[in-house]
Amino acid sequence: MSMIDVLIRVDAICKKYDKYDADKHRNDAAAAGDPFSRLYAAVDHEIDAAIEKSERAAREGNRAAAVALNTDVRRTKARLLEEVVKLRKLAAKKVKGLSPEEAELRGDLVSALPHRIKSIPDGGGGGGAADWNGGGNVRPGMKFDSSGLEFISEDLDTLKNLAEDMNEELDRQVPLMDEIDNKVDKANADFRKTNVRLKETFRSTRNFIIDIILICVILGIAAYLYE
Amino acid sequence: MTSSSSDPDKLITKLSFTRWNADWKSATTLYEQAAIAYRFRKDNEKAKDAFEKASKGQEMISSYPSENISIAVFNIPWDAAKHMESAGALAKELARWDEVSDFHRRASELYRECGRAQPASDALAKGASFLEEKAPEDAIKMYDEACSVLEEDGKEQMAFDLYRAAASLYVKLEKYSDAAATFLRLGSAADKCNAINSQCKGYLSAIIIYLYAHDFQQAQKCYNDCSEVQAFLSSDQNRCAMKLLSAYEEGDAEEIKRAAQSSAINHLDHVVIRLARKLPTGDLQAIKKDLAADDGEDSLDENDLT
């Protein structure tokens, strides 16, 4: 008899005498009536379904369909994270017939759920483990974005420095402009005064010249008349 | 041209029976014309002498009251100062470095007599820039005087460039503590004008210079002092300084190099950037030992109840 034959024979015997397994029946009874177990089983099932959906999206050739699948996966992930909160409350409750080790195990299972949910790929940020490592990315496009952000950050630093220097320079120029303003006003006032004085001088000079011309004309007329 | 230069001499020096006073006014005018003409002809020696004499003439004119009795005002030696500056520039062309220093100092004094601090400081700064290559010690003194002139007049904001020039000269002469002190002086001047960016940059530059001189204790003290200034505490320069100093404490050369490449340092003076790129200098392990020794002493002090 080969090993495989032995295993098949053992399975058959176990199935035949299954009804006599008291521990298993007790556990099943407990599980059927336990809300934590029911909810956990449902969440587990949905996680598996979400993983399968995301794998299908990755294989999908049609971009629109892939986007729709990924959106669905993301919605499921958000909903599952809310379910984790309920599971946490249920795990904290004391259940009859449950040993402390099993209660602790439930707590561990619930703690592991958020990580499992976040690690479901949804086409938006890559795997959770990769994110947590901080270095790797699912798609080559993500690598470009992070280095692009570094360039943008450096340029922003330069712009900030330029803006601050310009601000200081403008603050420096303000009193100088005020001084120029005062001096120009003073020069303007002096200019106007000088202008007024020049006008007066010109007027008096003009009158004097007109007088001389008139006298010359009169003398010329008189000389003509006498001749 | 020669006649115009000889005439002033005659007017001034040849006092005779008929001439009782030197005719400074006419002589000065002639000297000015001669100086401009010599400069145009590129005869720098004679132009320099003519400008010097024209300045002297203007000083003499300005020391007497104005001829117009209705305006009882003393003339100010503005033109004297300008001519002295021109003489200084020509002295630089002739490589007469002592005369450059003297003429520019005299010009600055004359500007101060006119009550104009900015031109006085500019005259000193110009002289200092001429002397940077040939007589850096004198140049530093002149920059220092220029900064003091502006500080006395309350115009510290105009002095930032002078502080930076002086500090870069100190670095060139390897007088690192003086260079750091100059940057700290810039910081306090910037504090008065509310120029926070320049203030923080000045403090960071001082810390980097101390680290370049491998004086970690001083750098730490400087950082502690500067951290009391609120404006520096909340700045990018403070974060950069913190990274640099903690890298030094850990003795991590790679971390120091990385911190020295940060953007806060890239926006400093190019002299300081060059120093930062060369960090770390000296033995990092020695710093670690000193720090450990200091910590040991401190713990002894805490446990010592006597």
# chains A, B, ... in the order shown; residues from 1 in each chain; ligands from 1
call {"tool": "residues_around", "arguments": {"residues": "range 172-177 of chain A", "least_positions_apart": "2", "cutoff": "10 Å", "atoms": "only C-alpha atoms", "output": "list in words"}}
result
Met166, Asn167, Glu168, Glu169, Leu170, Glu179, Ile180, Asp181, Asn182 and Lys183 of chain A; Lys155, Glu156, Gln157, Met158, Cys193 and Ala195 of chain B
call {"tool": "interface_residues", "arguments": {"of": "chain B", "to": "chain A", "cutoff": "12 Å", "atoms": "only C-alpha atoms", "output": "list in words"}}
result
Gln118, Lys155, Glu156, Gln157, Met158, Ala159, Phe160, Asp161, Ala190, Cys193, Asn194, Ala195, Ile196, Asn197, Ser198, Gln199, Cys200, Lys201, Ser235, Asp236, Gln237, Gln261, Ser262, Ser263, Ala264, Ile265, Asn266, His267 and Leu268 of chain B
call {"tool": "atom_distance", "arguments": {"atom1": "CA of Lys48 in chain B", "atom2": "CA of Ala87 in chain B"}}
result
4.7 Å
